[in-house]
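Chemist: One structure is given below, represented as structure tokens, and several questions about it will come after.
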Amino acid sequence: MQARRLEVSAKVGFKSFSLDVVLDLALTGVTALFGPSGGGKTTLLRIIAGLERKAAGRVAFDAELWADSARRHFLPPHRRPVGTVFQDARLFDHLDVAGNLRFAERRSRGGDPSITTEGVVEALDLSALLERRVHSLSGGERQRVALGRTLLSRPRLLLLDEPLSALDMGRKADILPYLEAAPRRFGIPAIHVSHAVEEVAQIADRVVVLSDGGIQAIGGVGEVLERLDLQPYTGRFEAGSLVEATVLAHDTAFRLTHLQLSQQRLTMPMVSFLEPGDEVRLRVRARDVALATRRPEGLSIRNILAGEVAEISAEAETAFAEVLVDVGGERLRARITRASVADLGLEPGLSVYALIKSATFDRRAITRRAD
Amino acid sequence: MPDLGPLWLSLWLAAITTLLLLLLGTPLAWWLATTRARVKPVIEALTAMPLVLPPTVMGFYLLVLLNPDSLIGSLWVQATGTTLTFSFAGLVVASLFYSLPFMVQPLQSAFEAVGRGPMEAAASLRAQPLDAFFTVAVPLAARGFLTACVLTFAHTIGEFGVVLMVGGNIPGQTRVISIAIYEHVETLQYGQAHILSAGLLVFSFAVLVLVYAANQRRPSHAS
């Protein structure tokens, strides 16, 4: 997928909050716009889509200038090649599902002709829904139809405004794979607004952290989510880290899958949908990682990774500290007691071994990387 | 059997008024539903005036406005050779003012119920504003259109005070059903008055049942 360049500088002031943002992004795959609720994520998305006429600033996409308040230039939303999937789906109640898709398809001349109704219906499993009235759909089905409708408008940029936030956990898990796959399958870069770190970890390639009306950080998913200083923004999620690994082989006798992580071996319960050679992203919870200063022996724990302490952040009011361990370029986060930090004499630069029980991995911890 | 001329005249007047108000009232209602202009309350109040003014007051001002010595009245005489006052054309103009709120208010609430959401969705799917209006806003506000048209039609049929002031009582020209009933009563022809009155009563009831039934059929689109 060729990278698209999106430049946004925007300034908006409302009574209770203001947004002041300068962004220059090379968009490929999925970029998460992440941060706490009320931080300005949706407003920024609406500025890109052209739905906030009053915003001062500039929006440019590749060589096209979409808005420049200094030059009184404003391209209205229907003339921007942007497709938005709204939080509340916003399907047209007076049309059935097929009618909603047709509405988009008929008005999408000039877009990528390889995106067809058949292709979208197949990719999102919509064929059973086509005859249905919109008000009879479940929340998850509505979002799937909304995504399909937006894809059929053949946009060059996909904006997803918390499409999962109104759904319960089970439904989210049903839709997430579609949201992850669609931008890559149809070759459309996406900006996905979310305040849920698990969502971001699973689907995004890149994260923009937006809070208090300003950009706090931009970077790769693993890099941003593991940064200890960003925790006030990334929130009180189950702390952990994301690492990239390659599938080596399955051990069918012991039902294990072997992975390679920075030249070292990692073992987890067998995940049969993976094939040797697959690139995967693995989420390791901080509380599942223990540290040792010498390589332990006579231990049931199979995953012993050699690394080096990169950063220590003690939580003053609690018993715990978080230690970031560099394992050949990948970073693991360990949550251990402050007492252990003192007893082991941990400090940045010290060589340590990170211990992870295989049993702490489950299927949800792993996602296959496309391409 | 009473002369049915006034009945047909009333139906004809109501049909023309409804059609013209549909064309004029729809853009006004859309503007009121979507604008953030500061003059909005002023325009809303003006639109609602016919609801609170005694029809004779409206009729009086319309008479002043439309008579052949006034600017509008004299231009009309020059253009058509007939007067606006005491003519069918004058009744149509008067009815447009008199029934305006019955067209605009239901449409405005229907458009407000549709809200910005579907229109933004349509815009994000590349629909031009006018395209989005006709293919999204109008179908979603369909029941508002039905209510507005039925109420406008029925209200125009029941018009009396304004007609009397502006139109008088000219058979075939301005003698609508309510005027005919009034005259029958004045001349003590109670039998004829009964027939026409009962007809209007049944008609009005049927219209209201129709409107309420249409609004009940499905939960509102706004939900």
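The chains in the structure tokens are called A, B, ... from first to last as shown; in each chain the residues are counted from 1, and the ligands are counted from 1 in the order shown.
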Let's see if you can do this: from backbone DSSP, list all strand (DSSP E or B) residues in range 69-241 of chain A, as JSON, numbers by chain.
Modeler: {"A": [73, 74, 82, 83, 84, 85, 96, 133, 157, 158, 159, 160, 161, 190, 191, 192, 193, 194, 206, 207, 208, 209, 210, 211, 214, 215, 216, 217, 218, 219, 220, 240, 241]}
Chemist: Can you check which parts of range 81-187 of chain A lie within 9 Å of range 138-147 of chain B? Per residue, the shortest pair of atoms and distance in Å to one decimal, counting only C-alpha atoms, sorted by chain and number, as CSV.
Modeler:
```
residue,atom,partner,partner_atom,distance
A:Phe92,CA,B:Leu140,CA,8.2
A:Asp93,CA,B:Leu140,CA,7.4
A:His94,CA,B:Leu140,CA,6.3
```
Chemist: With N, CA and C atoms retained, could you export that selection as a PDB file, in the first residue's frame?
Modeler:
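Saved to result-v8.pdb:
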```
ATOM      1  N   PHE A  92     -29.237   4.416   6.963  1.00  0.00           N
ATOM      2  CA  PHE A  92     -30.482   5.072   6.569  1.00  0.00           C
ATOM      3  C   PHE A  92     -31.655   4.136   6.848  1.00  0.00           C
ATOM      4  N   ASP A  93     -32.508   4.532   7.795  1.00  0.00           N
ATOM      5  CA  ASP A  93     -33.615   3.677   8.236  1.00  0.00           C
ATOM      6  C   ASP A  93     -34.636   3.406   7.137  1.00  0.00           C
ATOM      7  N   HIS A  94     -34.728   4.290   6.149  1.00  0.00           N
ATOM      8  CA  HIS A  94     -35.773   4.125   5.152  1.00  0.00           C
ATOM      9  C   HIS A  94     -35.341   3.163   4.046  1.00  0.00           C
TER      10      HIS A  94
END
```
Chemist: Fewer than 3 positions away in the same chain doesn't count, so skip those; otherwise give me all residues within 12 Å of Ile195 in chain B, counting only C-alpha atoms, as a list in words.
Modeler: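 Once the adjacent positions are removed, what remains is Met1, Pro2, Asp3, Leu4, Leu7, Ile177, Ala180, Ile181, His184, Val185, Gln189, Tyr190, Gly191, Gln192, Ala198, Gly199, Leu200, Leu201 and Val202 of chain B.
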Chemist: Write the residues of the preceding selection, restricted to C-alpha atoms, as a short mmCIF file (atom, residue, chain, number, x, y, z; two decimals), in the first residue's frame.
Modeler:
```cif
data_model
loop_
_atom_site.label_atom_id
_atom_site.label_comp_id
_atom_site.auth_asym_id
_atom_site.auth_seq_id
_atom_site.Cartn_x
_atom_site.Cartn_y
_atom_site.Cartn_z
CA MET B 1 -80.18 19.11 -1.05
CA PRO B 2 -77.98 22.20 -0.59
CA ASP B 3 -75.91 23.71 -3.36
CA LEU B 4 -72.60 21.79 -3.37
CA LEU B 7 -67.92 22.41 -1.05
CA ILE B 177 -68.28 25.97 2.68
CA ALA B 180 -72.27 28.96 3.01
CA ILE B 181 -73.05 27.44 6.42
CA HIS B 184 -77.77 29.22 5.78
CA VAL B 185 -77.94 29.90 9.51
CA GLN B 189 -82.17 27.34 6.62
CA TYR B 190 -81.11 25.00 9.44
CA GLY B 191 -81.61 21.82 7.40
CA GLN B 192 -79.05 22.90 4.80
CA ALA B 198 -72.16 17.43 9.58
CA GLY B 199 -70.14 16.89 6.42
CA LEU B 200 -67.33 19.09 7.75
CA LEU B 201 -67.50 17.41 11.15
CA VAL B 202 -67.10 13.94 9.70
#
```
Chemist: Using only C-alpha atoms, tabulate the residues of chain B lying at most 12 Å from any atom of chain A, each with its closest atom pair and that distance in Å to one decimal, by chain and increasing residue number, as JSON lines.
Modeler:
```
{"residue": "B:Val114", "atom": "CA", "partner": "A:Asp93", "partner_atom": "CA", "distance": 10.4}
{"residue": "B:Gly115", "atom": "CA", "partner": "A:Arg90", "partner_atom": "CA", "distance": 10.8}
{"residue": "B:Arg116", "atom": "CA", "partner": "A:Arg90", "partner_atom": "CA", "distance": 10.1}
{"residue": "B:Gly117", "atom": "CA", "partner": "A:Arg90", "partner_atom": "CA", "distance": 6.4}
{"residue": "B:Pro118", "atom": "CA", "partner": "A:Arg90", "partner_atom": "CA", "distance": 5.8}
{"residue": "B:Met119", "atom": "CA", "partner": "A:Arg90", "partner_atom": "CA", "distance": 9.2}
{"residue": "B:Glu120", "atom": "CA", "partner": "A:Leu51", "partner_atom": "CA", "distance": 7.4}
{"residue": "B:Ala121", "atom": "CA", "partner": "A:Arg90", "partner_atom": "CA", "distance": 6.4}
{"residue": "B:Ala122", "atom": "CA", "partner": "A:His78", "partner_atom": "CA", "distance": 7.9}
{"residue": "B:Ala123", "atom": "CA", "partner": "A:His78", "partner_atom": "CA", "distance": 4.5}
{"residue": "B:Ser124", "atom": "CA", "partner": "A:His78", "partner_atom": "CA", "distance": 5.6}
{"residue": "B:Leu125", "atom": "CA", "partner": "A:Ala104", "partner_atom": "CA", "distance": 5.5}
{"residue": "B:Arg126", "atom": "CA", "partner": "A:His78", "partner_atom": "CA", "distance": 4.0}
{"residue": "B:Ala127", "atom": "CA", "partner": "A:His78", "partner_atom": "CA", "distance": 5.8}
{"residue": "B:Gln128", "atom": "CA", "partner": "A:His78", "partner_atom": "CA", "distance": 6.1}
{"residue": "B:Pro129", "atom": "CA", "partner": "A:His78", "partner_atom": "CA", "distance": 8.1}
{"residue": "B:Leu130", "atom": "CA", "partner": "A:His78", "partner_atom": "CA", "distance": 11.3}
{"residue": "B:Asp131", "atom": "CA", "partner": "A:Arg107", "partner_atom": "CA", "distance": 10.2}
{"residue": "B:Ala132", "atom": "CA", "partner": "A:His78", "partner_atom": "CA", "distance": 9.9}
{"residue": "B:Thr135", "atom": "CA", "partner": "A:Phe103", "partner_atom": "CA", "distance": 9.1}
{"residue": "B:Val136", "atom": "CA", "partner": "A:Phe92", "partner_atom": "CA", "distance": 7.3}
{"residue": "B:Ala137", "atom": "CA", "partner": "A:Phe92", "partner_atom": "CA", "distance": 9.7}
{"residue": "B:Val138", "atom": "CA", "partner": "A:His94", "partner_atom": "CA", "distance": 10.1}
{"residue": "B:Pro139", "atom": "CA", "partner": "A:His94", "partner_atom": "CA", "distance": 6.6}
{"residue": "B:Leu140", "atom": "CA", "partner": "A:His94", "partner_atom": "CA", "distance": 6.3}
{"residue": "B:Ala141", "atom": "CA", "partner": "A:His94", "partner_atom": "CA", "distance": 9.8}
{"residue": "B:Ala142", "atom": "CA", "partner": "A:His94", "partner_atom": "CA", "distance": 9.6}
{"residue": "B:Arg143", "atom": "CA", "partner": "A:His94", "partner_atom": "CA", "distance": 11.7}
{"residue": "B:Arg218", "atom": "CA", "partner": "A:His135", "partner_atom": "CA", "distance": 10.9}
{"residue": "B:Pro219", "atom": "CA", "partner": "A:His135", "partner_atom": "CA", "distance": 10.1}
{"residue": "B:Ser220", "atom": "CA", "partner": "A:Asp93", "partner_atom": "CA", "distance": 10.2}
{"residue": "B:His221", "atom": "CA", "partner": "A:Asp93", "partner_atom": "CA", "distance": 6.9}
{"residue": "B:Ala222", "atom": "CA", "partner": "A:Asp93", "partner_atom": "CA", "distance": 9.4}
{"residue": "B:Ser223", "atom": "CA", "partner": "A:His135", "partner_atom": "CA", "distance": 9.9}
```
Chemist: With N, CA and C atoms retained, write the just-selected residues as a short mmCIF file (atom, residue, chain, number, x, y, z; two decimals), in the first residue's frame.
Modeler:
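Once written, selection36.cif looks like this:
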```
data_model
loop_
_atom_site.label_atom_id
_atom_site.label_comp_id
_atom_site.auth_asym_id
_atom_site.auth_seq_id
_atom_site.Cartn_x
_atom_site.Cartn_y
_atom_site.Cartn_z
N VAL B 114 -35.01 14.21 12.23
CA VAL B 114 -34.03 13.55 11.36
C VAL B 114 -32.62 13.90 11.85
N GLY B 115 -32.41 15.16 12.17
CA GLY B 115 -31.14 15.56 12.77
C GLY B 115 -29.99 15.66 11.77
N ARG B 116 -28.83 16.01 12.30
CA ARG B 116 -27.66 16.18 11.43
C ARG B 116 -27.03 14.87 11.04
N GLY B 117 -27.21 13.85 11.89
CA GLY B 117 -26.51 12.57 11.70
C GLY B 117 -26.65 11.99 10.31
N PRO B 118 -27.89 11.69 9.86
CA PRO B 118 -28.03 11.08 8.53
C PRO B 118 -27.52 11.97 7.41
N MET B 119 -27.64 13.30 7.58
CA MET B 119 -27.17 14.20 6.53
C MET B 119 -25.64 14.19 6.46
N GLU B 120 -24.99 14.10 7.63
CA GLU B 120 -23.53 13.99 7.62
C GLU B 120 -23.10 12.66 7.01
N ALA B 121 -23.85 11.61 7.34
CA ALA B 121 -23.53 10.31 6.75
C ALA B 121 -23.66 10.38 5.23
N ALA B 122 -24.72 11.02 4.75
CA ALA B 122 -24.93 11.14 3.31
C ALA B 122 -23.79 11.93 2.66
N ALA B 123 -23.38 13.01 3.34
CA ALA B 123 -22.28 13.82 2.80
C ALA B 123 -20.99 13.01 2.75
N SER B 124 -20.76 12.19 3.77
CA SER B 124 -19.53 11.39 3.78
C SER B 124 -19.59 10.31 2.70
N LEU B 125 -20.78 10.03 2.16
CA LEU B 125 -20.92 9.08 1.04
C LEU B 125 -21.03 9.83 -0.29
N ARG B 126 -20.56 11.09 -0.29
CA ARG B 126 -20.47 11.90 -1.51
C ARG B 126 -21.80 12.38 -2.06
N ALA B 127 -22.84 12.40 -1.27
CA ALA B 127 -24.11 12.92 -1.77
C ALA B 127 -24.08 14.45 -1.70
N GLN B 128 -24.42 15.12 -2.82
CA GLN B 128 -24.52 16.58 -2.82
C GLN B 128 -25.63 16.98 -1.85
N PRO B 129 -25.59 18.20 -1.31
CA PRO B 129 -26.61 18.59 -0.34
C PRO B 129 -28.05 18.41 -0.85
N LEU B 130 -28.31 18.79 -2.09
CA LEU B 130 -29.68 18.68 -2.60
C LEU B 130 -30.07 17.21 -2.77
N ASP B 131 -29.13 16.43 -3.28
CA ASP B 131 -29.30 14.98 -3.42
C ASP B 131 -29.62 14.38 -2.06
N ALA B 132 -28.82 14.74 -1.04
CA ALA B 132 -29.02 14.20 0.31
C ALA B 132 -30.38 14.63 0.85
N THR B 135 -33.02 12.42 -1.06
CA THR B 135 -32.92 10.96 -0.92
C THR B 135 -32.79 10.51 0.53
N VAL B 136 -32.49 11.44 1.43
CA VAL B 136 -32.36 11.04 2.84
C VAL B 136 -33.34 11.80 3.74
N ALA B 137 -33.24 13.15 3.74
CA ALA B 137 -34.06 13.93 4.68
C ALA B 137 -35.55 13.77 4.39
N VAL B 138 -35.94 13.88 3.10
CA VAL B 138 -37.36 13.83 2.77
C VAL B 138 -37.97 12.45 3.10
N PRO B 139 -37.34 11.34 2.67
CA PRO B 139 -37.93 10.04 3.05
C PRO B 139 -37.98 9.83 4.56
N LEU B 140 -36.96 10.28 5.28
CA LEU B 140 -36.97 10.09 6.73
C LEU B 140 -38.03 10.96 7.40
N ALA B 141 -38.39 12.09 6.75
CA ALA B 141 -39.40 12.98 7.31
C ALA B 141 -40.76 12.75 6.67
N ALA B 142 -40.94 11.59 6.02
CA ALA B 142 -42.15 11.36 5.21
C ALA B 142 -43.44 11.58 6.01
N ARG B 143 -43.44 11.06 7.24
CA ARG B 143 -44.68 11.21 8.01
C ARG B 143 -44.93 12.65 8.42
N ARG B 218 -45.30 3.14 12.95
CA ARG B 218 -43.97 2.65 13.31
C ARG B 218 -43.33 3.60 14.30
N PRO B 219 -42.40 3.12 15.12
CA PRO B 219 -41.70 4.05 15.99
C PRO B 219 -40.99 5.09 15.15
N SER B 220 -40.84 6.28 15.72
CA SER B 220 -40.29 7.39 14.95
C SER B 220 -38.90 7.07 14.41
N HIS B 221 -38.60 7.62 13.25
CA HIS B 221 -37.27 7.46 12.66
C HIS B 221 -36.20 8.09 13.53
N ALA B 222 -36.65 9.04 14.36
CA ALA B 222 -35.65 9.78 15.14
C ALA B 222 -35.00 8.89 16.19
N SER B 223 -35.68 7.79 16.55
CA SER B 223 -35.16 6.96 17.65
C SER B 223 -33.87 6.29 17.25
#
```
Chemist: When you look at Leu27 in chain A with a cut-off of 10 Å (counting only C-alpha atoms), what residues show up, excluding the ones that are within fewer than 4 positions of it in the same chain? I need them as a ChimeraX atom specification.
Modeler: /A:1-6,31,157,188-191,205-206
Chemist: Can I get the selected residues back with C-alpha atoms, as a compact mmCIF listing (two decimals), in the first residue's frame?
Modeler:
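result_36.txt, written as the output of this step:
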```txt
# COMPACT_ATOMS: atom_id res chain seq x y z
CA MET A 1 0.00 0.00 0.00
CA GLN A 2 1.42 3.33 -1.03
CA ALA A 3 1.72 5.83 1.80
CA ARG A 4 -0.58 8.84 1.75
CA ARG A 5 0.46 12.06 3.35
CA LEU A 6 -2.00 13.79 5.61
CA THR A 31 -3.33 4.60 12.41
CA LEU A 157 -9.02 7.58 3.35
CA ILE A 188 -7.31 2.15 1.98
CA PRO A 189 -5.37 3.75 4.83
CA ALA A 190 -7.49 4.19 7.94
CA ILE A 191 -7.53 6.43 10.99
CA ASP A 205 0.28 -0.05 13.11
CA ARG A 206 0.84 3.44 14.40
```
Chemist: Tell me, counting only C-alpha atoms, for each residue of range 87-161 of chain B within 9 Å of range 17-21 of chain B, which pair of atoms is nearest and how far apart they are in Å to one decimal, in rows ordered by chain and increasing number, as CSV.
Modeler:
```
residue,atom,partner,partner_atom,distance
B:Val92,CA,B:Thr17,CA,6.1
B:Val93,CA,B:Thr17,CA,8.3
B:Ser95,CA,B:Thr17,CA,6.4
B:Leu96,CA,B:Thr17,CA,6.0
B:Ser99,CA,B:Thr17,CA,8.1
B:Leu100,CA,B:Leu21,CA,6.8
B:Met103,CA,B:Leu21,CA,6.7
B:Val104,CA,B:Leu21,CA,8.5
B:Ala148,CA,B:Thr18,CA,8.9
B:Cys149,CA,B:Thr18,CA,6.1
B:Val150,CA,B:Thr18,CA,8.4
B:Thr152,CA,B:Thr18,CA,5.9
B:Phe153,CA,B:Thr18,CA,5.7
B:Thr156,CA,B:Thr17,CA,7.5
```
Chemist: Got a sec to tell me which of range 225-293 of chain A DSSP assigns to alpha helix (DSSP H), as a list in words?
Modeler: Leu225, Gln231, Pro232, Tyr233 and Thr234 of chain A
Chemist: Hey, what's within 8 Å of Ala123 in chain A if we count only C-alpha atoms and toss same-chain stuff fewer than 3 positions away? As a list in words, please?
Modeler: Gly119, Val120, Leu126, Tyr178 and Ala182 of chain A
Chemist: Just to be explicit: take each residue in the selection above, keep N, CA and C atoms, and write the result as a CSV table (one decimal), in the first residue's frame.
Modeler:
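Listing of part_7.csv after writing:
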```
chain,number,residue,atom,x,y,z
A,119,GLY,N,-17.3,-7.9,-3.7
A,119,GLY,CA,-16.1,-8.0,-2.9
A,119,GLY,C,-16.4,-7.6,-1.4
A,120,VAL,N,-17.1,-6.5,-1.3
A,120,VAL,CA,-17.4,-6.0,0.1
A,120,VAL,C,-18.3,-6.9,0.8
A,126,LEU,N,-21.8,-10.1,4.5
A,126,LEU,CA,-23.0,-9.3,4.6
A,126,LEU,C,-24.2,-10.0,3.8
A,178,TYR,N,-12.8,-7.8,11.2
A,178,TYR,CA,-13.2,-7.1,10.0
A,178,TYR,C,-12.5,-5.8,9.9
A,182,ALA,N,-10.1,-5.0,6.8
A,182,ALA,CA,-10.7,-4.3,5.6
A,182,ALA,C,-9.7,-3.2,5.0
```
Chemist: Using only C-alpha atoms, which residues sit within 10 Å of range 289-296 of chain A once same-chain residues fewer than 4 positions away are excluded, as a PyMOL selection string?
Modeler: chain A and resi 240+284-285+301+303-309+323+325+332-336+340-341+344-346+350-357+360
Chemist: Counting only C-alpha atoms, what is within 8 Å of range 213-217 of chain A, bar same-chain residues fewer than 6 positions away, as a PyMOL selection string?
Modeler: chain A and resi 17-22+39-40+207+224+230
Chemist: Kindly export the residues of the current selection with N, CA and C atoms, as an mmCIF file, in the first residue's frame.
Modeler:
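New file selection04.cif:
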```
data_model
loop_
_atom_site.group_PDB
_atom_site.id
_atom_site.type_symbol
_atom_site.label_atom_id
_atom_site.label_comp_id
_atom_site.auth_asym_id
_atom_site.auth_seq_id
_atom_site.Cartn_x
_atom_site.Cartn_y
_atom_site.Cartn_z
ATOM 1 N N PHE A 17 -13.663 23.077 26.052
ATOM 2 C CA PHE A 17 -12.398 22.482 25.667
ATOM 3 C C PHE A 17 -11.901 23.057 24.358
ATOM 4 N N SER A 18 -10.591 23.011 24.177
ATOM 5 C CA SER A 18 -10.060 23.510 22.916
ATOM 6 C C SER A 18 -9.107 22.478 22.341
ATOM 7 N N LEU A 19 -8.929 22.571 21.033
ATOM 8 C CA LEU A 19 -8.080 21.618 20.342
ATOM 9 C C LEU A 19 -7.033 22.419 19.584
ATOM 10 N N ASP A 20 -5.789 22.028 19.730
ATOM 11 C CA ASP A 20 -4.718 22.722 19.032
ATOM 12 C C ASP A 20 -3.720 21.666 18.583
ATOM 13 N N VAL A 21 -3.725 21.370 17.290
ATOM 14 C CA VAL A 21 -3.031 20.187 16.808
ATOM 15 C C VAL A 21 -2.268 20.483 15.525
ATOM 16 N N VAL A 22 -1.038 20.004 15.440
ATOM 17 C CA VAL A 22 -0.313 20.018 14.170
ATOM 18 C C VAL A 22 0.168 18.597 13.904
ATOM 19 N N GLY A 39 -10.998 13.998 24.769
ATOM 20 C CA GLY A 39 -9.672 14.542 24.498
ATOM 21 C C GLY A 39 -9.554 15.213 23.148
ATOM 22 N N GLY A 40 -10.612 15.172 22.349
ATOM 23 C CA GLY A 40 -10.597 15.857 21.068
ATOM 24 C C GLY A 40 -10.436 14.947 19.866
ATOM 25 N N VAL A 207 0.322 4.809 16.344
ATOM 26 C CA VAL A 207 -0.585 5.447 17.293
ATOM 27 C C VAL A 207 -0.294 6.932 17.402
ATOM 28 N N VAL A 224 4.823 3.187 21.530
ATOM 29 C CA VAL A 224 4.031 4.173 22.265
ATOM 30 C C VAL A 224 3.370 3.543 23.485
ATOM 31 N N LEU A 230 3.757 7.871 29.256
ATOM 32 C CA LEU A 230 2.479 8.158 28.603
ATOM 33 C C LEU A 230 1.302 7.525 29.338
#
```
